[in-house]
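Visitor: Input file: structure-v8.txt. Contents: compact mmCIF, C-alpha atoms.
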# COMPACT_ATOMS: atom_id res chain seq x y z
CA MET S 258 24.28 -40.47 -70.59
CA SER S 259 23.68 -40.42 -66.88
CA LYS S 260 20.50 -39.03 -65.49
CA ARG S 261 20.77 -36.22 -63.01
CA ARG S 262 19.05 -36.90 -59.73
CA LEU S 263 16.37 -34.49 -58.80
CA GLY S 264 16.85 -32.86 -55.44
CA SER S 265 20.55 -33.52 -55.31
CA VAL S 266 21.14 -29.89 -54.49
CA ARG S 267 19.39 -28.77 -51.31
CA PRO S 268 17.93 -25.27 -51.30
CA PRO S 269 19.49 -22.88 -48.79
CA LYS S 270 17.76 -22.72 -45.42
CA ARG S 271 15.77 -19.60 -44.78
CA CYS S 272 16.76 -17.77 -41.66
CA ARG S 273 13.76 -17.60 -39.36
CA SER S 274 13.18 -14.41 -37.46
CA ASP S 275 11.71 -14.11 -33.99
CA MET S 276 8.35 -13.16 -35.47
CA ASP S 277 8.20 -16.53 -37.24
CA ASN S 278 8.36 -18.24 -33.87
CA THR S 279 5.20 -16.43 -32.79
CA SER S 280 2.29 -18.00 -34.59
CA THR S 281 -0.59 -15.55 -34.67
CA SER S 282 -2.80 -17.50 -37.06
CA ASP S 283 -4.63 -19.17 -34.19
CA ILE S 284 -5.16 -16.01 -32.10
CA VAL S 285 -8.55 -14.33 -32.30
CA ILE S 286 -9.21 -11.07 -30.44
CA ILE S 287 -12.84 -10.08 -29.97
CA ASN S 288 -14.49 -7.47 -27.79
CA GLY S 289 -17.85 -6.28 -26.56
CA ASN S 290 -19.23 -2.76 -26.38
CA SER S 291 -17.44 -1.69 -23.21
CA HIS S 292 -14.13 -0.46 -24.66
CA PRO S 293 -13.66 -1.09 -28.41
CA ASP S 294 -10.87 1.50 -28.66
CA LEU S 295 -8.68 -0.42 -26.22
CA ALA S 296 -9.32 -3.68 -28.10
CA ASN S 297 -8.31 -2.06 -31.39
CA MET S 298 -5.11 -0.68 -29.86
CA VAL S 299 -4.15 -4.08 -28.44
CA ALA S 300 -4.85 -5.81 -31.76
CA GLU S 301 -2.83 -3.17 -33.64
CA ARG S 302 0.15 -3.58 -31.31
CA MET S 303 0.09 -7.33 -31.94
CA GLY S 304 -0.22 -6.92 -35.70
CA LEU S 305 -3.64 -8.52 -35.79
CA LYS S 306 -7.05 -7.48 -36.93
CA ASN S 307 -9.95 -7.46 -34.54
CA GLY S 308 -12.08 -10.59 -34.91
CA GLY S 309 -15.54 -10.35 -36.34
CA CYS S 310 -17.91 -10.26 -33.37
CA SER S 311 -21.14 -8.29 -33.19
CA VAL S 312 -22.75 -7.61 -29.82
CA PHE S 313 -26.05 -5.76 -29.80
CA HIS S 314 -29.26 -5.51 -27.80
CA LYS S 315 -32.75 -6.29 -28.96
CA SER S 316 -35.74 -4.08 -28.26
CA ASN S 317 -36.44 -6.07 -25.08
CA ARG S 318 -32.84 -5.39 -23.91
CA GLU S 319 -31.67 -8.97 -24.43
CA THR S 320 -28.04 -9.32 -25.50
CA ILE S 321 -27.28 -10.96 -28.85
CA VAL S 322 -23.77 -12.14 -29.83
CA GLU S 323 -22.81 -13.10 -33.37
CA ILE S 324 -19.27 -14.34 -34.15
CA SER S 325 -18.60 -14.26 -37.87
CA ASP S 326 -15.08 -15.78 -37.91
CA SER S 327 -14.29 -19.41 -37.16
CA VAL S 328 -12.99 -19.99 -33.63
CA ARG S 329 -12.69 -23.80 -33.72
CA GLY S 330 -9.40 -24.90 -32.17
CA LYS S 331 -8.20 -21.32 -31.71
CA ASP S 332 -7.14 -19.23 -28.71
CA ILE S 333 -9.77 -16.56 -28.06
CA TYR S 334 -9.01 -13.36 -26.16
CA ILE S 335 -12.13 -11.42 -25.15
CA ILE S 336 -11.36 -7.80 -24.22
CA GLN S 337 -14.19 -6.50 -22.06
CA THR S 338 -13.73 -4.07 -19.20
CA GLY S 339 -16.12 -2.74 -16.59
CA THR S 340 -17.82 0.62 -17.03
CA LYS S 341 -20.77 2.42 -15.46
CA ASP S 342 -22.98 -0.04 -17.38
CA ALA S 343 -21.51 -2.94 -15.43
CA ASN S 344 -24.42 -5.37 -15.71
CA ASN S 345 -24.53 -5.22 -19.51
CA ASN S 346 -20.74 -5.52 -19.63
CA ILE S 347 -20.88 -8.72 -17.58
CA MET S 348 -23.67 -10.29 -19.61
CA GLU S 349 -21.88 -9.50 -22.89
CA LEU S 350 -18.70 -11.13 -21.56
CA LEU S 351 -20.49 -14.25 -20.33
CA ILE S 352 -22.45 -14.73 -23.57
CA MET S 353 -19.35 -14.19 -25.73
CA ALA S 354 -17.39 -16.71 -23.65
CA TYR S 355 -20.16 -19.29 -23.82
CA ALA S 356 -20.55 -18.76 -27.56
CA CYS S 357 -16.85 -19.47 -28.05
CA LYS S 358 -17.05 -22.51 -25.77
CA THR S 359 -19.92 -24.04 -27.73
CA SER S 360 -18.02 -23.28 -30.97
CA SER S 361 -15.13 -25.53 -29.88
CA ALA S 362 -12.54 -22.86 -29.11
CA ARG S 363 -9.31 -24.27 -27.69
CA SER S 364 -8.95 -21.69 -24.93
CA ILE S 365 -10.92 -18.60 -23.92
CA VAL S 366 -9.05 -15.87 -22.07
CA GLY S 367 -11.00 -13.00 -20.55
CA VAL S 368 -9.06 -9.72 -20.67
CA ILE S 369 -10.85 -7.59 -18.07
CA PRO S 370 -8.73 -4.52 -17.23
CA TYR S 371 -11.23 -3.34 -14.62
CA LEU S 372 -13.17 -6.15 -12.94
CA PRO S 373 -16.74 -5.02 -12.12
CA TYR S 374 -18.04 -5.50 -8.58
CA SER S 375 -14.47 -5.74 -7.29
CA LYS S 376 -15.32 -3.43 -4.39
CA GLN S 377 -18.00 -5.87 -3.19
CA CYS S 378 -15.46 -8.46 -2.06
CA LYS S 379 -16.32 -8.48 1.64
CA MET S 380 -19.34 -9.65 3.61
CA ARG S 381 -21.57 -6.80 4.74
CA LYS S 382 -24.59 -7.35 6.96
CA ARG S 383 -27.10 -9.57 5.18
CA GLY S 384 -25.52 -9.05 1.78
CA CYS S 385 -23.16 -11.37 -0.05
CA ILE S 386 -19.71 -11.39 -1.61
CA VAL S 387 -20.66 -10.42 -5.14
CA SER S 388 -17.11 -10.81 -6.48
CA LYS S 389 -17.20 -14.53 -5.64
CA LEU S 390 -20.54 -14.93 -7.42
CA LEU S 391 -19.15 -13.16 -10.48
CA ALA S 392 -16.07 -15.38 -10.45
CA LYS S 393 -18.21 -18.53 -10.41
CA MET S 394 -20.28 -17.23 -13.32
CA MET S 395 -17.17 -16.50 -15.38
CA CYS S 396 -15.71 -19.94 -14.75
CA THR S 397 -19.00 -21.61 -15.67
CA SER S 398 -19.34 -19.61 -18.90
CA GLY S 399 -16.19 -21.20 -20.32
CA LEU S 400 -13.36 -18.79 -19.51
CA THR S 401 -10.07 -20.64 -18.98
CA HIS S 402 -7.88 -17.71 -17.94
CA ILE S 403 -8.33 -14.15 -16.67
CA ILE S 404 -6.10 -11.12 -17.29
CA THR S 405 -6.98 -8.13 -15.16
CA MET S 406 -5.24 -5.10 -13.69
CA ASP S 407 -4.92 -3.71 -10.16
CA LEU S 408 -7.71 -5.57 -8.41
CA HIS S 409 -9.28 -3.64 -5.54
CA GLN S 410 -8.29 -6.51 -3.25
CA LYS S 411 -5.73 -9.08 -4.35
CA GLU S 412 -7.59 -11.81 -2.47
CA ILE S 413 -10.23 -11.72 -5.23
CA GLN S 414 -7.93 -14.00 -7.25
CA GLY S 415 -8.80 -16.79 -4.82
CA PHE S 416 -12.47 -16.63 -5.85
CA PHE S 417 -11.62 -18.01 -9.30
CA ASP S 418 -11.05 -21.67 -10.14
CA ILE S 419 -8.94 -20.66 -13.15
CA PRO S 420 -5.58 -18.82 -13.42
CA VAL S 421 -5.74 -15.06 -12.84
CA ASP S 422 -2.95 -12.65 -13.83
CA ASN S 423 -3.31 -9.39 -11.92
CA LEU S 424 -1.16 -6.94 -13.87
CA ARG S 425 0.13 -3.70 -12.34
CA ALA S 426 -0.14 -0.21 -13.78
CA SER S 427 2.22 1.33 -11.22
CA PRO S 428 5.27 1.37 -13.60
CA PHE S 429 3.32 3.61 -16.01
CA LEU S 430 2.22 5.95 -13.21
CA LEU S 431 5.71 6.08 -11.72
CA GLN S 432 7.14 6.94 -15.13
CA TYR S 433 4.56 9.71 -15.51
CA ILE S 434 5.59 11.21 -12.17
CA GLN S 435 9.25 11.22 -13.12
CA GLU S 436 8.78 12.59 -16.64
CA SER S 437 5.70 14.82 -16.50
CA ILE S 438 5.63 16.41 -13.03
CA PRO S 439 8.14 19.29 -12.83
CA GLU S 440 10.37 19.19 -9.76
CA TYR S 441 8.86 15.93 -8.58
CA ARG S 442 11.76 15.62 -6.11
CA ASN S 443 9.92 18.23 -4.05
CA SER S 444 6.85 15.97 -3.87
CA VAL S 445 5.27 13.92 -1.13
CA ILE S 446 3.12 10.85 -1.71
CA VAL S 447 -0.21 11.14 0.09
CA ALA S 448 -2.59 8.37 1.20
CA ARG S 449 -6.09 9.83 1.50
CA ASN S 450 -6.95 7.26 4.19
CA PRO S 451 -4.98 4.65 6.17
CA GLY S 452 -6.29 1.89 3.91
CA VAL S 453 -4.21 3.22 1.00
CA ALA S 454 -1.09 3.71 3.11
CA LYS S 455 0.61 0.54 1.85
CA LYS S 456 0.19 1.50 -1.79
CA ALA S 457 1.35 5.06 -1.09
CA ASN S 458 4.36 3.77 0.82
CA SER S 459 5.29 1.56 -2.16
CA TYR S 460 5.27 4.61 -4.45
CA ALA S 461 7.25 6.67 -1.93
CA GLU S 462 9.95 4.01 -1.58
CA ARG S 463 10.37 3.61 -5.34
CA LEU S 464 10.59 7.36 -5.91
CA ARG S 465 12.54 7.97 -2.67
CA LEU S 466 10.05 10.58 -1.55
CA GLY S 467 8.30 11.41 1.70
CA LEU S 468 4.97 9.96 2.80
CA ALA S 469 1.91 11.60 4.31
CA VAL S 470 -1.30 9.94 5.51
CA ILE S 471 -4.66 11.64 6.01
CA HIS S 472 -6.19 10.19 9.15
CA GLY S 473 -9.76 10.46 10.40
CA GLU S 474 -11.51 10.61 7.06
CA GLN S 475 -15.19 9.72 7.27
CA LYS S 476 -15.79 6.40 5.53
CA GLU S 477 -19.00 5.52 3.77
CA ALA S 478 -21.34 4.81 6.67
CA GLU S 479 -23.58 1.79 6.54
CA SER S 480 -27.31 2.18 6.95
CA ASP S 481 -28.47 2.90 10.48
CA GLU S 482 -32.07 1.89 9.98
CA VAL S 483 -33.69 0.25 12.97
CA ASP S 484 -34.72 -3.26 11.98
CA GLY S 485 -34.43 -6.81 13.28
CA ARG S 486 -30.66 -6.92 13.11
CA TYR S 487 -30.35 -4.12 15.69
CA SER S 488 -33.07 -5.26 18.10
CA PRO S 489 -31.52 -5.99 21.55
CA PRO S 490 -32.14 -9.31 23.30
CA PRO S 491 -34.98 -9.32 25.84
CA THR S 492 -33.53 -8.55 29.26
CA SER S 493 -36.43 -10.09 31.17
CA ALA S 494 -35.65 -13.54 29.80
CA TYR S 495 -32.04 -13.27 30.90
CA SER S 496 -33.10 -12.06 34.34
CA ASN S 497 -35.37 -15.05 34.85
CA LEU S 498 -32.85 -17.59 33.58
CA LEU S 499 -29.50 -16.26 34.80
CA GLY S 500 -30.23 -13.63 37.38
CA ASN S 501 -27.66 -10.86 37.44
CA SER S 502 -24.51 -12.91 36.83
CA VAL S 503 -22.93 -15.49 34.60
CA GLU S 504 -21.20 -18.39 36.34
CA MET S 505 -18.32 -20.42 34.91
CA CYS S 506 -17.63 -23.70 36.76
CA LEU S 507 -14.16 -24.97 37.41
CA PRO S 508 -13.40 -28.71 36.96
CA ALA S 509 -14.21 -30.80 40.03
CA ALA S 510 -11.42 -31.88 42.39
CA PRO S 511 -10.00 -35.40 41.88
CA ARG S 512 -11.51 -38.12 44.06
CA ASN S 513 -8.22 -39.50 45.37
CA SER S 514 -6.97 -36.23 46.80
CA THR S 515 -4.56 -36.51 49.74
CA PRO S 516 -6.00 -35.86 53.22
CA GLN S 517 -3.38 -33.24 54.12
CA HIS S 518 -5.12 -30.77 51.80
CA ALA S 519 -7.96 -28.77 53.25
CA PRO S 520 -11.41 -29.63 51.86
CA ILE S 521 -12.48 -27.43 49.01
CA SER S 522 -15.64 -25.54 49.77
CA SER S 523 -18.47 -25.34 47.27
CA SER S 524 -17.93 -21.62 46.80
CA SER S 525 -14.33 -22.12 45.70
CA ARG S 526 -15.39 -24.71 43.14
CA GLN S 527 -17.02 -21.98 41.11
CA ARG S 528 -15.64 -18.75 39.73
CA THR S 529 -18.34 -16.13 39.39
CA THR S 530 -18.01 -13.06 37.24
CA SER S 531 -20.64 -10.37 37.61
CA VAL S 532 -21.65 -8.73 34.35
CA SER S 533 -24.59 -6.67 33.29
CA VAL S 534 -27.70 -8.49 32.21
CA GLY S 535 -27.78 -9.47 28.55
CA VAL S 536 -25.23 -9.32 25.73
CA PRO S 537 -22.73 -6.44 26.05
CA GLU S 538 -23.07 -3.80 23.34
CA HIS S 539 -20.12 -3.19 21.03
CA PRO S 540 -18.74 0.33 21.59
CA VAL S 541 -19.21 2.82 18.78
CA LYS S 542 -16.06 4.03 17.03
CA VAL S 543 -15.36 7.70 17.60
CA LYS S 544 -13.39 8.91 14.60
CA PRO S 545 -10.76 11.59 15.26
CA PRO S 546 -10.90 14.89 13.39
CA LEU S 547 -9.35 15.00 9.96
CA THR S 548 -5.58 15.37 10.35
CA ILE S 549 -2.48 14.91 8.19
CA VAL S 550 0.38 12.78 9.45
CA GLY S 551 3.38 14.19 7.59
CA ASP S 552 4.66 17.48 6.22
CA VAL S 553 3.16 18.85 2.98
CA ASN S 554 3.93 22.55 3.45
CA GLY S 555 5.42 24.02 0.27
CA ARG S 556 5.52 20.66 -1.48
CA ILE S 557 3.75 18.89 -4.35
CA ALA S 558 1.14 16.46 -3.00
CA ILE S 559 0.53 13.31 -5.07
CA MET S 560 -2.44 11.18 -4.01
CA VAL S 561 -2.42 7.60 -5.30
CA ASP S 562 -5.20 5.02 -5.37
CA ASP S 563 -6.48 2.15 -7.50
CA LEU S 564 -9.88 3.63 -8.42
CA ILE S 565 -11.47 7.07 -8.77
CA ASP S 566 -15.25 6.89 -8.78
CA ASP S 567 -17.04 9.10 -6.26
CA VAL S 568 -14.62 11.98 -5.87
CA GLN S 569 -16.00 13.70 -2.76
CA SER S 570 -13.31 12.15 -0.55
CA PHE S 571 -10.56 13.19 -2.99
CA VAL S 572 -11.88 16.76 -3.09
CA ALA S 573 -12.08 16.95 0.72
CA ALA S 574 -8.54 15.58 1.04
CA ALA S 575 -7.27 18.08 -1.54
CA GLU S 576 -8.84 20.98 0.35
CA MET S 577 -7.11 19.91 3.54
CA LEU S 578 -3.78 19.52 1.75
CA LYS S 579 -4.19 23.03 0.36
CA GLU S 580 -4.94 24.38 3.83
CA ASN S 581 -1.73 22.77 5.10
CA GLY S 582 0.41 24.51 2.48
CA ALA S 583 0.61 22.11 -0.48
CA CYS S 584 1.57 24.09 -3.59
CA LYS S 585 0.21 21.61 -6.18
CA ILE S 586 -2.04 18.58 -5.91
CA TYR S 587 -2.06 15.58 -8.27
CA VAL S 588 -4.29 12.50 -8.16
CA LEU S 589 -3.06 9.28 -9.79
CA ALA S 590 -5.12 6.11 -10.14
CA THR S 591 -5.32 3.05 -12.36
CA HIS S 592 -9.06 3.07 -13.04
CA GLY S 593 -10.98 6.27 -13.74
CA LEU S 594 -14.65 5.38 -13.47
CA LEU S 595 -15.66 8.99 -12.63
CA SER S 596 -19.35 8.38 -12.10
CA SER S 597 -22.16 10.89 -11.71
CA ASP S 598 -20.99 14.52 -11.49
CA ALA S 599 -17.36 13.62 -10.74
CA PRO S 600 -15.94 15.63 -13.70
CA ARG S 601 -17.68 18.80 -12.52
CA LEU S 602 -16.51 18.37 -8.92
CA LEU S 603 -12.94 17.75 -10.05
CA ASP S 604 -12.99 20.75 -12.36
CA GLU S 605 -14.19 23.02 -9.56
CA SER S 606 -11.78 21.59 -6.97
CA CYS S 607 -8.27 22.68 -6.07
CA ILE S 608 -6.81 19.53 -7.65
CA ASP S 609 -4.40 20.52 -10.44
CA GLU S 610 -4.34 17.26 -12.41
CA ILE S 611 -5.99 13.83 -12.43
CA VAL S 612 -4.05 11.04 -14.13
CA VAL S 613 -5.69 7.69 -14.94
CA THR S 614 -5.07 4.86 -17.38
CA ASN S 615 -7.32 3.83 -20.24
CA THR S 616 -8.59 0.65 -18.58
CA ILE S 617 -12.01 2.36 -18.58
CA PRO S 618 -13.22 4.68 -21.36
CA HIS S 619 -13.62 8.26 -20.12
CA GLU S 620 -13.56 10.43 -23.22
CA ILE S 621 -16.83 12.14 -22.28
CA GLN S 622 -15.50 12.94 -18.82
CA LYS S 623 -12.36 14.46 -20.37
CA LEU S 624 -14.54 16.84 -22.36
CA GLN S 625 -16.21 17.97 -19.13
CA CYS S 626 -12.96 18.35 -17.17
CA HIS S 627 -9.72 19.50 -18.78
CA LYS S 628 -7.66 18.32 -15.78
CA ILE S 629 -8.02 14.62 -16.64
CA LYS S 630 -5.00 13.03 -18.35
CA THR S 631 -4.80 9.48 -19.77
CA ILE S 632 -1.97 6.95 -19.87
CA ASP S 633 -2.12 4.17 -22.46
CA ILE S 634 -1.54 0.67 -21.04
CA SER S 635 -2.42 -1.32 -24.18
CA ILE S 636 1.22 -2.36 -24.64
CA LEU S 637 1.15 -4.18 -21.28
CA ILE S 638 -2.00 -6.09 -22.20
CA ALA S 639 -0.60 -6.98 -25.62
CA GLU S 640 2.61 -8.30 -24.06
CA ALA S 641 0.63 -10.38 -21.55
CA ILE S 642 -1.44 -11.91 -24.37
CA ARG S 643 1.70 -12.68 -26.38
CA ARG S 644 3.40 -14.40 -23.46
CA ILE S 645 0.35 -16.48 -22.57
CA HIS S 646 -0.14 -17.56 -26.18
CA ASN S 647 3.54 -18.53 -26.58
CA LYS S 648 3.51 -20.26 -23.18
CA GLU S 649 6.25 -17.95 -21.91
CA SER S 650 6.80 -16.98 -18.31
CA MET S 651 4.89 -13.99 -16.97
CA SER S 652 7.56 -13.23 -14.38
CA TYR S 653 9.01 -10.36 -16.40
CA LEU S 654 5.75 -8.42 -16.02
CA PHE S 655 5.86 -8.88 -12.24
CA ARG S 656 9.46 -7.92 -11.57
CA ASN S 657 9.95 -6.10 -8.25
CA VAL S 658 6.23 -6.38 -7.51
CA THR S 659 5.54 -6.66 -3.77
CA LEU S 660 2.38 -7.37 -1.80
CA GLU S 661 1.85 -3.64 -1.29
CA ASP S 662 1.73 -2.88 -5.05
Can you dump the structure from the file as structure tokens?
Guide:
Amino acid sequence: MSKRRLGSVRPPKRCRSDMDNTSTSDIVIINGNSHPDLANMVAERMGLKNGGCSVFHKSNRETIVEISDSVRGKDIYIIQTGTKDANNNIMELLIMAYACKTSSARSIVGVIPYLPYSKQCKMRKRGCIVSKLLAKMMCTSGLTHIITMDLHQKEIQGFFDIPVDNLRASPFLLQYIQESIPEYRNSVIVARNPGVAKKANSYAERLRLGLAVIHGEQKEAESDEVDGRYSPPPTSAYSNLLGNSVEMCLPAAPRNSTPQHAPISSSSRQRTTSVSVGVPEHPVKVKPPLTIVGDVNGRIAIMVDDLIDDVQSFVAAAEMLKENGACKIYVLATHGLLSSDAPRLLDESCIDEIVVTNTIPHEIQKLQCHKIKTIDISILIAEAIRRIHNKESMSYLFRNVTLED
């Protein structure tokens, strides 16, 4: 009687689906107090539960972070955006990242839909470039990757020593224009100042619409206080040292010059330019009156920008568009910070609708102004996280993206 060999019959192979190829057991999504709703939506779209992380403040306003789940050897995604409480948002993000770093996390990705201090990316007077300082702090805290959306200036990516993926919300806004604005073919894309003209032109080319630019808008003036930086140089010192002119000497003639040339006089050896005493003053810019370059009469005006915070300039631009015959006025932006009394000003203005994404929570502002509409971009963030975790290319998310977007 022969013995039957165990395992002689192989079990049928189980067909693996695409979801089996995506291992989510080593993904942990945590968030601070800036935008828990967005974090929950991203986790739900990925079929995950939000990681156990408690962030609270003590009576002395110190930030405490407690991570209840194990993060050792896992990929951590911290969803923390910028709000009006920017300083607390930053400290929460840095402490969470450092807590994961000291707990031996494999990678720590900061998902920051709106990067705080992104408008302070240029040198002004005796200030500093705060965006660069913030980038250094994030890199030091332990972040290994940054996912953000529509940076105020794309050059901010160069401040980081780690990879930065600057996602774009323009496909969502373009889709909203095509599907939710009646007769959008009769629209014109408006740039409220020349600085936004490139972004507005990108929208106009994709929608095949006209373009209008508001020129001469008063920018935020810097302080005109009289202090040491504006004090002129002492003219008496220049008068004693230089007289009333500045002389620039030409190179001396060569020694072995041929005799047929006439001798060069001492006056021709020097070229003298008469200028006023002291350092010339830089002329003051005289801004032209507010004008619109383009035709908006009888058309729907759509203003586009990356951020809506102080809305006085938007309201002034809308009033001018209305005076020039615009029938409806829309404002579209990625980030709706809407600080101070912005909801009241928008509600009382001639703007018909304000459309922003949910990169920043603004539920309270929506209660104060019924014109504010929200577009959900959590699916884009979830797809970016999935591709980074699976080490897939991010090129699909940047298709047809140009420098102007």
Visitor: S:Ala574, S:Leu603, S:Ile403, S:Leu391: which is nearest Ala469 in chain S, counting only C-alpha atoms?
Guide: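 Ranked by minimum distance to Ala469 in chain S, first place goes to S:Ala574.
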Visitor: Between CA of Lys579 in chain S and CA of Asp552 in chain S, what is the distance in Å, rounded to a tenth?
Guide: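 These atoms are spaced 12.0 Å apart.
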Visitor: List as a PDB file with C-alpha atoms, keeping the file's coordinate frame the protein and nucleic acid residues near Leu431 in chain S, meaning an atom at most 12 Å away when all atoms listed in the file are counted, but skip any in the same chain fewer than 6 places from it.
Guide:
ATOM      1  CA  ARG S 425       0.130  -3.700 -12.340  1.00  0.00           C
ATOM      2  CA  SER S 437       5.700  14.820 -16.500  1.00  0.00           C
ATOM      3  CA  ILE S 438       5.630  16.410 -13.030  1.00  0.00           C
ATOM      4  CA  TYR S 441       8.860  15.930  -8.580  1.00  0.00           C
ATOM      5  CA  ILE S 446       3.120  10.850  -1.710  1.00  0.00           C
ATOM      6  CA  ALA S 457       1.350   5.060  -1.090  1.00  0.00           C
ATOM      7  CA  SER S 459       5.290   1.560  -2.160  1.00  0.00           C
ATOM      8  CA  TYR S 460       5.270   4.610  -4.450  1.00  0.00           C
ATOM      9  CA  ALA S 461       7.250   6.670  -1.930  1.00  0.00           C
ATOM     10  CA  GLU S 462       9.950   4.010  -1.580  1.00  0.00           C
ATOM     11  CA  ARG S 463      10.370   3.610  -5.340  1.00  0.00           C
ATOM     12  CA  LEU S 464      10.590   7.360  -5.910  1.00  0.00           C
ATOM     13  CA  ARG S 465      12.540   7.970  -2.670  1.00  0.00           C
ATOM     14  CA  LEU S 466      10.050  10.580  -1.550  1.00  0.00           C
ATOM     15  CA  ILE S 559       0.530  13.310  -5.070  1.00  0.00           C
ATOM     16  CA  VAL S 561      -2.420   7.600  -5.300  1.00  0.00           C
ATOM     17  CA  LEU S 589      -3.060   9.280  -9.790  1.00  0.00           C
ATOM     18  CA  ALA S 590      -5.120   6.110 -10.140  1.00  0.00           C
ATOM     19  CA  THR S 591      -5.320   3.050 -12.360  1.00  0.00           C
ATOM     20  CA  VAL S 612      -4.050  11.040 -14.130  1.00  0.00           C
ATOM     21  CA  VAL S 613      -5.690   7.690 -14.940  1.00  0.00           C
ATOM     22  CA  ILE S 632      -1.970   6.950 -19.870  1.00  0.00           C
ATOM     23  CA  ASP S 662       1.730  -2.880  -5.050  1.00  0.00           C
TER      24      ASP S 662
END
Visitor: For a quick check of understanding, using all atoms listed in the file, which of S:Asn307, S:Thr320, S:Ser570, S:Thr359 has the smallest distance to Asn346 in chain S?
Guide: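 Nearest candidate to Asn346 in chain S out of S:Asn307, S:Thr320, S:Ser570, S:Thr359: S:Thr320.
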Visitor: One decimal, in Å: what's the spacing between CA of Asp422 in chain S and CA of Ile404 in chain S?
Guide: 4.9 Å
Visitor: Using only C-alpha atoms, find all polymer residues with an atom at most 10 Å away from the point (-3.9, 4.4, 3.3); report them as a list in words.
Guide: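 The answer, in the requested form, is Val447, Ala448, Arg449, Asn450, Pro451, Gly452, Val453, Ala454, Lys455, Lys456, Ala457, Asn458, Ala469, Val470, Ile471, His472, Val561 and Asp562 of chain S.
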Visitor: Those residues with C-alpha atoms, as a tab-separated table (two decimals), keeping the file's coordinate frame please?
Guide:
chain	number	residue	atom	x	y	z
S	447	VAL	CA	-0.21	11.14	0.09
S	448	ALA	CA	-2.59	8.37	1.20
S	449	ARG	CA	-6.09	9.83	1.50
S	450	ASN	CA	-6.95	7.26	4.19
S	451	PRO	CA	-4.98	4.65	6.17
S	452	GLY	CA	-6.29	1.89	3.91
S	453	VAL	CA	-4.21	3.22	1.00
S	454	ALA	CA	-1.09	3.71	3.11
S	455	LYS	CA	0.61	0.54	1.85
S	456	LYS	CA	0.19	1.50	-1.79
S	457	ALA	CA	1.35	5.06	-1.09
S	458	ASN	CA	4.36	3.77	0.82
S	469	ALA	CA	1.91	11.60	4.31
S	470	VAL	CA	-1.30	9.94	5.51
S	471	ILE	CA	-4.66	11.64	6.01
S	472	HIS	CA	-6.19	10.19	9.15
S	561	VAL	CA	-2.42	7.60	-5.30
S	562	ASP	CA	-5.20	5.02	-5.37
Visitor: Considering all atoms listed in the file, return as a count of residues only whatever protein or nucleic-acid residues lie within 12 Å of Asp598 in chain S, sequence-local ones (same chain, fewer than 6 positions apart) excluded.
Guide: 10
